[in-house]
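Data first, discussion second: the structure below is written as structure tokens.
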Amino acid sequence: MAEAAAPERLADPDVEARLARLDEVLDGLEPVPGPATEAVRLLTEVYGEALARVLDHADEQLAGSLAEDELLGHLLVLHDIHPEPAELRAARAVERLRPAVQERGGDVEWAGVEGEVGRVRLTSGGGCGSGCGDGATQVTDAVREAVLAVAPELTAVEPLPTTPAPAFVPLTTLTHRGAR
């Protein structure tokens, strides 16, 4: 008897394309009440319950592995059953973005949560922090999007205010008196 071949899995870009299309289709359903909308809601609830039951039977290591999978992690967040706290997920999302920000001459660090707002520390290559125009805005937007995707419990993600470096004043200018 021949073994059945394992079913082919979708590559991550294919999953992302399907999720993007699903968002478009669901956006079209929202204003239209009816059987299709109810079917999607009920199916989502049942699948969420199924995922919760899988987690109930999983040991800590398996639950962690499931949560680390990008697609499964998003589904666990969607159904509000992710085993990790939002702050840990958000910090990990920022760490994933960090190399790309550093390639552009800046840096980003997770600074924690205040209330329901995630905080990040942003710096740029020129040392001007988050006030450097379009580049900083793009980084801030990318960080916000990444964090809220994995931690929708947070209401916002904001950069900490940057404090300018103190101006350097040579000691000799303070101690030297001009001739009178």
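In the structure tokens, chains take letters A, B, ... by order of appearance, with residues numbered from 1 within each chain and ligands from 1 in the order shown.
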*asked:* Based on the backbone DSSP call, show me all residues of region 23-143 of chain A assigned strand (DSSP E), as a list of chain:residue names.
replied: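 Answer for region 23-143 of chain A, restricted to strand (DSSP E): A:Asp107, A:Val108, A:Glu109, A:Trp110, A:Ala111, A:Gly112, A:Val113, A:Glu114, A:Val117, A:Gly118, A:Arg119, A:Val120, A:Arg121, A:Leu122, A:Thr123.
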*Step one, run DSSP on the backbone; step two, keep only residues of chain A assigned to helix (DSSP H, G or I); then write them as an MDAnalysis selection string.*
chainID A and resid 12:29 35:57 60:68 70:78 86:103 134:150 171:175
*Which of these residues is nearest to Ala93 (chain A), using only C-alpha atoms: A:Arg41, A:Arg144, A:Arg18, A:His57?*
A:Arg144
*Distance CA of Ala91 (chain A)-CA of Ala111 (chain A), one decimal place?*
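Atom-to-atom, CA of Ala91 (chain A) to CA of Ala111 (chain A), that is 8.3 Å.
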*asked:* Neighbouring residues of Asp12 (chain A) were defined as those with any atom within 12 Å, considering only C-alpha atoms; residues of the same chain fewer than 3 positions away were excluded. Please report them as a VMD selection string.
replied: chain A and resid 9 15 to 19 69 to 72
Any chance you could export the current selection's C-alpha atoms as a compact mmCIF listing (two decimals), in the first residue's frame?
```
# COMPACT_ATOMS: atom_id res chain seq x y z
CA ARG A 9 1.40 23.89 1.72
CA VAL A 15 -0.90 33.11 1.95
CA GLU A 16 -0.36 36.89 2.07
CA ALA A 17 -2.01 37.29 -1.34
CA ARG A 18 -5.01 35.25 -0.25
CA LEU A 19 -5.32 37.21 3.00
CA ASP A 69 3.98 30.50 12.98
CA GLU A 70 3.05 33.76 11.25
CA LEU A 71 -0.29 32.60 9.85
CA LEU A 72 -1.35 30.66 12.94
```
Selection near Gln102 (chain A), 12 Å with only C-alpha atoms, sequence-local residues under 6 positions removed, as a compact mmCIF listing (two decimals) with N, CA, C and O atoms, in the first residue's frame:
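Below you can see selection.txt, which holds the result:
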```txt
# COMPACT_ATOMS: atom_id res chain seq x y z
N VAL A 94 8.73 44.48 16.63
CA VAL A 94 9.70 45.57 16.50
C VAL A 94 11.09 45.01 16.23
O VAL A 94 11.83 45.52 15.39
N GLU A 95 11.45 43.93 16.93
CA GLU A 95 12.77 43.31 16.71
C GLU A 95 12.91 42.82 15.27
O GLU A 95 13.99 42.89 14.69
N ARG A 96 11.83 42.30 14.70
CA ARG A 96 11.88 41.84 13.30
C ARG A 96 12.12 42.99 12.35
O ARG A 96 12.73 42.82 11.30
N VAL A 108 15.25 51.30 15.93
CA VAL A 108 13.97 51.27 16.61
C VAL A 108 14.06 50.26 17.74
O VAL A 108 14.67 49.20 17.57
N GLU A 109 13.52 50.62 18.88
CA GLU A 109 13.51 49.72 20.04
C GLU A 109 12.13 49.76 20.67
O GLU A 109 11.50 50.82 20.73
N LEU A 122 12.63 55.68 18.58
CA LEU A 122 13.13 55.77 17.20
C LEU A 122 14.32 56.73 17.16
O LEU A 122 14.29 57.79 17.78
N THR A 123 15.34 56.31 16.42
CA THR A 123 16.45 57.21 16.15
C THR A 123 16.78 57.08 14.68
O THR A 123 16.47 56.08 14.04
N SER A 124 17.40 58.11 14.15
CA SER A 124 17.81 58.03 12.75
C SER A 124 19.30 58.28 12.65
O SER A 124 19.92 58.73 13.61
N GLY A 125 19.84 58.01 11.48
CA GLY A 125 21.29 58.11 11.29
C GLY A 125 21.84 59.48 11.61
O GLY A 125 22.94 59.62 12.11
N VAL A 139 9.00 55.01 8.80
CA VAL A 139 9.41 54.03 9.81
C VAL A 139 8.33 53.94 10.88
O VAL A 139 7.92 52.84 11.28
```
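Shell of Val77 (chain A) at 8 Å, with only C-alpha atoms counted and residues fewer than 4 places along the chain excluded, is Gly73, Ile81, His82, Val150, Ala151 and Pro152 of chain A.
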*d(CA of Ala156 (chain A), CA of Val113 (chain A)) in Å*: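 Spanning CA of Ala156 (chain A) to CA of Val113 (chain A) is a straight-line distance of 9.9 Å.
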May I have a table of the residues of region 133-152 of chain A lying at most 9 Å from region 116-120 of chain A, giving each one's closest pair of atoms and their distance in Å to one decimal, counting only C-alpha atoms, ordered by chain and ascending residue number, as CSV?
```
residue,atom,partner,partner_atom,distance
A:Thr140,CA,A:Val120,CA,8.8
A:Val143,CA,A:Val120,CA,8.5
A:Arg144,CA,A:Gly118,CA,8.7
A:Val147,CA,A:Gly118,CA,8.1
A:Leu148,CA,A:Gly118,CA,9.0
```
*Pick out the residues sitting within 12 Å of region 50-53 of chain A, and hand them over as number ranges by chain; count only C-alpha atoms, and ignore anything fewer than 6 positions along from it in its own chain.*
A: 43-44, 63, 66-67, 72-83
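The space between CA of Ala11 (chain A) and CA of Glu84 (chain A) spans 25.0 Å.
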_Using only C-alpha atoms for the distances, tell me which of A:Arg121, A:Arg89, A:Arg98, A:Arg104 is nearest to Thr162 (chain A)._
A:Arg121
